[in-house]
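Colleague: The structure follows.
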Amino acid sequence: MSAAVGFIGPGQMGEPMVHRLLGAGHRVTVYARRDEVRNRLTAAGATVVDSAAGVAEGHRIIIVCLFSDDQLREVALGPDGLLAQCAPGTVVLSHTTGSVATLRELASARPEVTVLDAPISGTAEDIANGRLTVLIGGPADAAETAGSVVQAYASTVLHTGELGTALNLKLVNNVLFAANAQLLSAAVALAEDLDIEPEDFLNALAACSADSRVAGHVRGIGGIDNFTELAAPFLRKDVDAALTAAKDAGTDLGLLYDVIARGPLPLTG
C-alpha cells in the first residue's frame with residue numbers, strides 16, 4: 001500500500017532510498033539542500049521543499065537519514081524544527097548512527113510524536129537493489145507501520161525492542177566489523193611479508209574458511225588501500241559512537257577495542 005512519506009537527508013545513502021520509495025509507489029516529500037540533488041529528485045517524481053519543517057506537513061511517516069547526532073538535533077529540535085511541526089501521532093524514523101542519548105532527547109522533546117531508532121546495515125548498492133537490513137527500536141506498532149514503508153529498500157527489517165536497542169545492536173555490529181577489518185588488514189600485511197600479493201591473497205581467501213563479509217567488501221572495492229580510504233572515516237565515526245554508548249552504559253568495548261586500536265587501519269584517535 002502506498003503512503004505519503006516525508007524524507008530528510010537524501011545524501012549518499014538517502015538518495016537511493018528516495019528513488020526506491022518512489023519506485024514502490026509512495027508519494028515522497030523531500031528536504032534537500034544541494035541543487036543537483038533537488039533537481040534529480042524532482043525529475044524522479046518527488047516533491048522538494050525548502051525546510052525540514054516543511055516535510056512535516058501532511059505526513060505521518062517521516063524518515064531522517066543524516067550523518068551525525070549534531071545534524072539530527074539541528075534538524076529536529078527547536079521551535080522551527082521538524083518535531084515541533086509534526087502532528088501528534090507522527091512516526092519519525094531515524095537512520096542516523098549516533099547515540100541513544102540523542103534519540104531519547106528527541107523522544108522526550110515531543111512525546112506526542114513517536115521516534116524510532118532505525119540504523120541500517122549495508123551499502124548504497126544494497127539500497128538500490130532493495131536488500132538493505134534495517135533494525136528498528138521503539139513501540140512495536142509504530143515499528144510495524146514504518147517497517148512496511150522501508151521495505152521499499154530493505155529485504156530485512158528487524159524489530160529489536162524498545163527505543164535505543166536497534167542503535168546499540170548496530171554499534172556493537174559496527175565495532176565487530178571494525179575489529180574484523182583490522183584483522184583482515186593485518187592478515188594482508190602478513191601475506192605480503194610471505195611474498196603473497198594482496199590481490200592474490202584476497203581472491204584465494206574467498207574460497208577458504210577464513211573468508212568474511214569484510215573481505216568481500218575489500219575485494220569489491222579493489223583492495224585494502226581503497227577500503228581504507230573509503231571506509232575508514234565511517235568506521236572511525238562508528239567506533240567513537242560505540243565508545244560513547246559504552247561509557248554511558250557503564251561498560252567498555254573490551255577486547256574488541258584492543259584489536260581496533262592495535263590494528264594497522266586508522267580507526268581511532
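Residues in the C-alpha cells are named by chain (A, B, ... in the order shown) and by number from 1 within that chain; ligands are numbered from 1 in the order shown.
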Got a sec: who's within 9 Å of Met1 (chain A), counting only C-alpha atoms, leaving out chain neighbours fewer than 4 positions off, as a VMD selection string?

Modeller: chain A and resid 24 to 26 148 to 149

Colleague: Identify, with DSSP run on backbone atoms, the residues in region 156-269 of chain A assigned to strand (DSSP E or B), and express the list as a ChimeraX atom specification.

Modeller: /A:156-161

Colleague: Save the residues we just selected, N, CA and C atoms, as a PDB file, in the first residue's frame?

Modeller:
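Written out: again-v6.pdb:
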```pdb
ATOM      1  N   THR A 156      15.447  -7.005   4.770  1.00  0.00           N
ATOM      2  CA  THR A 156      15.349  -7.482   6.151  1.00  0.00           C
ATOM      3  C   THR A 156      15.046  -6.308   7.071  1.00  0.00           C
ATOM      4  N   VAL A 157      13.934  -6.393   7.792  1.00  0.00           N
ATOM      5  CA  VAL A 157      13.556  -5.381   8.778  1.00  0.00           C
ATOM      6  C   VAL A 157      13.340  -6.101  10.104  1.00  0.00           C
ATOM      7  N   LEU A 158      14.134  -5.750  11.118  1.00  0.00           N
ATOM      8  CA  LEU A 158      14.087  -6.436  12.406  1.00  0.00           C
ATOM      9  C   LEU A 158      13.704  -5.466  13.515  1.00  0.00           C
ATOM     10  N   HIS A 159      12.660  -5.805  14.268  1.00  0.00           N
ATOM     11  CA  HIS A 159      12.301  -5.027  15.451  1.00  0.00           C
ATOM     12  C   HIS A 159      13.107  -5.563  16.619  1.00  0.00           C
ATOM     13  N   THR A 160      13.926  -4.719  17.231  1.00  0.00           N
ATOM     14  CA  THR A 160      14.878  -5.167  18.244  1.00  0.00           C
ATOM     15  C   THR A 160      14.408  -4.946  19.676  1.00  0.00           C
ATOM     16  N   GLY A 161      13.290  -4.223  19.862  1.00  0.00           N
ATOM     17  CA  GLY A 161      12.813  -3.935  21.211  1.00  0.00           C
ATOM     18  C   GLY A 161      12.549  -2.457  21.394  1.00  0.00           C
TER      19      GLY A 161
END
```

Colleague: With region 28-41 of chain A as the partner and 10 Å as the cut-off, tabulate the residues of region 62-100 of chain A that qualify, each row holding the nearest pair of atoms and their distance in Å to one decimal, using only C-alpha atoms, sorted by chain and rising number, as CSV.

Modeller:
```
residue,atom,partner,partner_atom,distance
A:Ile62,CA,A:Thr29,CA,9.2
A:Ile63,CA,A:Val30,CA,9.5
A:Val64,CA,A:Tyr31,CA,9.9
```

Colleague: Please identify all polymer residues within 12 Å of Ala249 (chain A), counting only C-alpha atoms, omitting same-chain residues fewer than 5 positions from it, and present them as a short mmCIF file (atom, residue, chain, number, x, y, z; two decimals) with N, CA and C atoms, in the first residue's frame.

Modeller:
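Full text of part-v2.cif as output:
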```cif
data_model
loop_
_atom_site.label_atom_id
_atom_site.label_comp_id
_atom_site.auth_asym_id
_atom_site.auth_seq_id
_atom_site.Cartn_x
_atom_site.Cartn_y
_atom_site.Cartn_z
N SER A 99 23.96 8.43 18.97
CA SER A 99 23.87 7.97 20.35
C SER A 99 22.42 7.76 20.77
N VAL A 100 22.24 6.81 21.68
CA VAL A 100 20.91 6.58 22.24
C VAL A 100 20.44 7.81 23.00
N ALA A 101 21.36 8.51 23.64
CA ALA A 101 21.00 9.71 24.40
C ALA A 101 20.31 10.74 23.51
N GLY A 164 16.27 2.64 21.27
CA GLY A 164 17.69 2.57 21.61
C GLY A 164 18.31 1.21 21.40
N ASN A 168 22.02 0.40 19.67
CA ASN A 168 23.06 -0.30 20.41
C ASN A 168 23.49 -1.58 19.69
N ALA A 242 30.36 4.16 19.47
CA ALA A 242 30.29 2.98 20.34
C ALA A 242 31.00 3.23 21.65
N LEU A 243 32.13 3.94 21.62
CA LEU A 243 32.84 4.28 22.86
C LEU A 243 31.95 5.13 23.76
N THR A 244 31.26 6.11 23.17
CA THR A 244 30.36 6.97 23.94
C THR A 244 29.21 6.17 24.52
#
```

Colleague: Identify, on the basis of only C-alpha atoms, every residue whose closest approach to Gln85 (chain A) does not exceed 12 Å; exclude the query and any residue fewer than 6 positions from it along the same chain; express the result as a PyMOL selection string.

Modeller: chain A and resi 51-60+62+75-79+92+110+112-113

Colleague: I'd like to know which of A:Ala154, A:Ala179, A:Val91, A:Leu235 is closest to Pro139 (chain A), using only C-alpha atoms.

Modeller: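 Smallest separation from Pro139 (chain A) among the options: A:Val91.
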
Colleague: Give the alpha helix (DSSP H) residues of region 51-263 of chain A, as assigned by DSSP on the backbone, as a PDB file with C-alpha atoms, in the first residue's frame.

Modeller:
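New file out_18.pdb:
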```pdb
ATOM      1  CA  ALA A  52      12.903  20.303   7.361  1.00  0.00           C
ATOM      2  CA  ALA A  53       9.768  21.679   8.967  1.00  0.00           C
ATOM      3  CA  GLY A  54       8.134  21.696   5.531  1.00  0.00           C
ATOM      4  CA  VAL A  55       8.440  17.912   5.422  1.00  0.00           C
ATOM      5  CA  ALA A  56       6.185  17.579   8.476  1.00  0.00           C
ATOM      6  CA  ASP A  69      23.835  13.497  16.159  1.00  0.00           C
ATOM      7  CA  ASP A  70      24.593  17.187  15.644  1.00  0.00           C
ATOM      8  CA  GLN A  71      22.843  17.198  12.274  1.00  0.00           C
ATOM      9  CA  LEU A  72      19.904  15.301  13.747  1.00  0.00           C
ATOM     10  CA  ARG A  73      19.498  17.785  16.595  1.00  0.00           C
ATOM     11  CA  GLU A  74      19.807  20.743  14.203  1.00  0.00           C
ATOM     12  CA  VAL A  75      17.017  19.424  12.004  1.00  0.00           C
ATOM     13  CA  ALA A  76      14.674  18.016  14.650  1.00  0.00           C
ATOM     14  CA  LEU A  82      10.860  19.025  12.492  1.00  0.00           C
ATOM     15  CA  LEU A  83       9.398  17.684  15.752  1.00  0.00           C
ATOM     16  CA  ALA A  84       7.645  20.940  16.647  1.00  0.00           C
ATOM     17  CA  GLN A  85       5.843  20.895  13.297  1.00  0.00           C
ATOM     18  CA  VAL A 100      20.908   6.575  22.239  1.00  0.00           C
ATOM     19  CA  ALA A 101      21.003   9.711  24.399  1.00  0.00           C
ATOM     20  CA  THR A 102      20.185  11.863  21.369  1.00  0.00           C
ATOM     21  CA  LEU A 103      17.260   9.621  20.370  1.00  0.00           C
ATOM     22  CA  ARG A 104      15.862   9.823  23.903  1.00  0.00           C
ATOM     23  CA  GLU A 105      16.306  13.600  23.853  1.00  0.00           C
ATOM     24  CA  LEU A 106      14.256  13.759  20.664  1.00  0.00           C
ATOM     25  CA  ALA A 107      11.598  11.421  22.037  1.00  0.00           C
ATOM     26  CA  SER A 108      11.192  13.480  25.228  1.00  0.00           C
ATOM     27  CA  ALA A 109      11.121  16.781  23.319  1.00  0.00           C
ATOM     28  CA  ALA A 124      24.263   2.321  -1.206  1.00  0.00           C
ATOM     29  CA  GLU A 125      24.325  -0.548  -3.700  1.00  0.00           C
ATOM     30  CA  ASP A 126      22.296  -2.671  -1.270  1.00  0.00           C
ATOM     31  CA  ILE A 127      19.741   0.141  -1.021  1.00  0.00           C
ATOM     32  CA  ALA A 128      19.495   0.486  -4.798  1.00  0.00           C
ATOM     33  CA  ALA A 140       6.012  -2.435  18.123  1.00  0.00           C
ATOM     34  CA  ASP A 141       3.000  -0.886  16.358  1.00  0.00           C
ATOM     35  CA  ALA A 142       4.979   2.110  15.116  1.00  0.00           C
ATOM     36  CA  ALA A 143       7.858  -0.159  14.093  1.00  0.00           C
ATOM     37  CA  GLU A 144       5.456  -2.287  12.063  1.00  0.00           C
ATOM     38  CA  THR A 145       3.990   0.775  10.336  1.00  0.00           C
ATOM     39  CA  ALA A 146       7.409   2.208   9.490  1.00  0.00           C
ATOM     40  CA  GLY A 147       8.742  -1.222   8.534  1.00  0.00           C
ATOM     41  CA  SER A 148       6.086  -1.587   5.851  1.00  0.00           C
ATOM     42  CA  VAL A 149       7.468   1.581   4.230  1.00  0.00           C
ATOM     43  CA  VAL A 150      11.200   0.904   4.495  1.00  0.00           C
ATOM     44  CA  THR A 165      18.066  -1.197  21.266  1.00  0.00           C
ATOM     45  CA  ALA A 166      18.470  -1.050  17.489  1.00  0.00           C
ATOM     46  CA  LEU A 167      21.161   1.591  17.728  1.00  0.00           C
ATOM     47  CA  ASN A 168      23.058  -0.303  20.412  1.00  0.00           C
ATOM     48  CA  LEU A 169      22.879  -3.508  18.366  1.00  0.00           C
ATOM     49  CA  LYS A 170      24.148  -1.665  15.287  1.00  0.00           C
ATOM     50  CA  LEU A 171      27.020  -0.098  17.257  1.00  0.00           C
ATOM     51  CA  VAL A 172      28.156  -3.499  18.534  1.00  0.00           C
ATOM     52  CA  ASN A 173      27.888  -4.834  14.973  1.00  0.00           C
ATOM     53  CA  ASN A 174      29.995  -1.930  13.698  1.00  0.00           C
ATOM     54  CA  VAL A 175      32.659  -2.444  16.366  1.00  0.00           C
ATOM     55  CA  LEU A 176      32.875  -6.113  15.427  1.00  0.00           C
ATOM     56  CA  PHE A 177      33.102  -5.150  11.737  1.00  0.00           C
ATOM     57  CA  ALA A 178      35.903  -2.668  12.540  1.00  0.00           C
ATOM     58  CA  ALA A 179      37.777  -5.324  14.507  1.00  0.00           C
ATOM     59  CA  ASN A 180      37.366  -7.756  11.618  1.00  0.00           C
ATOM     60  CA  ALA A 181      38.671  -5.088   9.236  1.00  0.00           C
ATOM     61  CA  GLN A 182      41.757  -4.617  11.400  1.00  0.00           C
ATOM     62  CA  LEU A 183      42.391  -8.359  11.480  1.00  0.00           C
ATOM     63  CA  LEU A 184      41.987  -8.601   7.710  1.00  0.00           C
ATOM     64  CA  SER A 185      44.371  -5.678   7.173  1.00  0.00           C
ATOM     65  CA  ALA A 186      46.943  -7.359   9.432  1.00  0.00           C
ATOM     66  CA  ALA A 187      46.471 -10.608   7.505  1.00  0.00           C
ATOM     67  CA  VAL A 188      47.073  -8.835   4.182  1.00  0.00           C
ATOM     68  CA  ALA A 189      50.289  -7.343   5.596  1.00  0.00           C
ATOM     69  CA  LEU A 190      51.415 -10.767   6.819  1.00  0.00           C
ATOM     70  CA  ALA A 191      50.672 -12.295   3.412  1.00  0.00           C
ATOM     71  CA  GLU A 192      52.856  -9.628   1.778  1.00  0.00           C
ATOM     72  CA  ASP A 193      55.675 -10.461   4.181  1.00  0.00           C
ATOM     73  CA  PRO A 198      47.414  -8.740  -1.661  1.00  0.00           C
ATOM     74  CA  GLU A 199      45.074  -9.320  -4.604  1.00  0.00           C
ATOM     75  CA  ASP A 200      46.064 -12.970  -4.819  1.00  0.00           C
ATOM     76  CA  PHE A 201      45.557 -13.374  -1.080  1.00  0.00           C
ATOM     77  CA  LEU A 202      42.098 -11.770  -1.093  1.00  0.00           C
ATOM     78  CA  ASN A 203      40.969 -13.803  -4.101  1.00  0.00           C
ATOM     79  CA  ALA A 204      42.186 -17.047  -2.538  1.00  0.00           C
ATOM     80  CA  LEU A 205      40.558 -16.135   0.766  1.00  0.00           C
ATOM     81  CA  ARG A 213      31.850 -10.138   4.921  1.00  0.00           C
ATOM     82  CA  VAL A 214      34.561  -7.511   5.354  1.00  0.00           C
ATOM     83  CA  ALA A 215      36.869  -9.416   2.986  1.00  0.00           C
ATOM     84  CA  GLY A 216      34.088  -9.388   0.428  1.00  0.00           C
ATOM     85  CA  HIS A 217      33.763  -5.616   0.775  1.00  0.00           C
ATOM     86  CA  VAL A 218      37.515  -5.186   0.366  1.00  0.00           C
ATOM     87  CA  ARG A 219      37.529  -7.318  -2.776  1.00  0.00           C
ATOM     88  CA  GLY A 220      34.528  -5.441  -4.120  1.00  0.00           C
ATOM     89  CA  ILE A 224      42.704  -2.783   1.202  1.00  0.00           C
ATOM     90  CA  ASP A 225      44.004   0.666   0.184  1.00  0.00           C
ATOM     91  CA  ASN A 226      40.690   1.638  -1.406  1.00  0.00           C
ATOM     92  CA  PHE A 227      38.833   0.209   1.572  1.00  0.00           C
ATOM     93  CA  THR A 228      40.955   2.288   3.949  1.00  0.00           C
ATOM     94  CA  GLU A 229      40.291   5.484   2.003  1.00  0.00           C
ATOM     95  CA  LEU A 230      36.547   4.953   1.587  1.00  0.00           C
ATOM     96  CA  ALA A 231      35.516   3.118   4.744  1.00  0.00           C
ATOM     97  CA  ALA A 232      37.900   4.275   7.469  1.00  0.00           C
ATOM     98  CA  PRO A 233      36.203   7.673   8.089  1.00  0.00           C
ATOM     99  CA  PHE A 234      32.838   5.977   8.629  1.00  0.00           C
ATOM    100  CA  LEU A 235      34.344   3.260  10.807  1.00  0.00           C
ATOM    101  CA  ARG A 236      36.106   5.873  12.947  1.00  0.00           C
ATOM    102  CA  LYS A 237      32.770   7.634  13.495  1.00  0.00           C
ATOM    103  CA  ASP A 238      31.117   4.348  14.426  1.00  0.00           C
ATOM    104  CA  VAL A 239      33.896   3.425  16.856  1.00  0.00           C
ATOM    105  CA  ASP A 240      33.661   6.847  18.525  1.00  0.00           C
ATOM    106  CA  ALA A 241      29.883   6.455  18.830  1.00  0.00           C
ATOM    107  CA  ALA A 242      30.286   2.981  20.336  1.00  0.00           C
ATOM    108  CA  LEU A 243      32.837   4.281  22.857  1.00  0.00           C
ATOM    109  CA  THR A 244      30.365   6.966  23.941  1.00  0.00           C
ATOM    110  CA  ALA A 245      27.496   4.485  24.159  1.00  0.00           C
ATOM    111  CA  ALA A 246      29.562   2.048  26.200  1.00  0.00           C
ATOM    112  CA  LYS A 247      30.678   4.799  28.583  1.00  0.00           C
ATOM    113  CA  ASP A 248      27.085   5.977  29.024  1.00  0.00           C
ATOM    114  CA  GLY A 254      36.938  -4.728  25.869  1.00  0.00           C
ATOM    115  CA  LEU A 255      38.913  -6.989  23.559  1.00  0.00           C
ATOM    116  CA  LEU A 256      37.158  -5.587  20.501  1.00  0.00           C
ATOM    117  CA  TYR A 257      38.668  -2.161  21.172  1.00  0.00           C
ATOM    118  CA  ASP A 258      42.108  -3.671  21.798  1.00  0.00           C
ATOM    119  CA  VAL A 259      42.007  -5.162  18.293  1.00  0.00           C
ATOM    120  CA  ILE A 260      40.725  -1.928  16.755  1.00  0.00           C
ATOM    121  CA  ALA A 261      43.346   0.207  18.496  1.00  0.00           C
ATOM    122  CA  ARG A 262      46.303  -2.059  17.682  1.00  0.00           C
TER     123      ARG A 262
END
```

Colleague: In Å to one decimal, how far is CA of Leu135 (chain A) from CA of Leu22 (chain A)?

Modeller: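 CA of Leu135 (chain A) lies at a distance of 21.6 Å from CA of Leu22 (chain A).
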
Colleague: In Å, rounded to a single decimal, give me how far CA of Glu162 (chain A) is from CA of Ile120 (chain A).

Modeller: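 A separation of 16.6 Å between them.
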
Colleague: Please list as a PyMOL selection string every residue within 9 Å of Gln151 (chain A), counting only C-alpha atoms and excluding residues in the same chain fewer than 6 positions away.

Modeller: chain A and resi 21+130-132+134+157

Colleague: Given the selection you just returned, output its residues as a file containing C-alpha atoms, formatted as a PDB file, in the first residue's frame.

Modeller:
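Written out: out25.pdb:
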```
ATOM      1  CA  LEU A  21      10.350   4.710  -2.216  1.00  0.00           C
ATOM      2  CA  GLY A 130      16.398  -3.392  -2.178  1.00  0.00           C
ATOM      3  CA  ARG A 131      18.482  -5.657   0.009  1.00  0.00           C
ATOM      4  CA  LEU A 132      19.344  -3.407   2.951  1.00  0.00           C
ATOM      5  CA  VAL A 134      17.107  -2.106   8.849  1.00  0.00           C
ATOM      6  CA  VAL A 157      13.556  -5.381   8.778  1.00  0.00           C
TER       7      VAL A 157
END
```
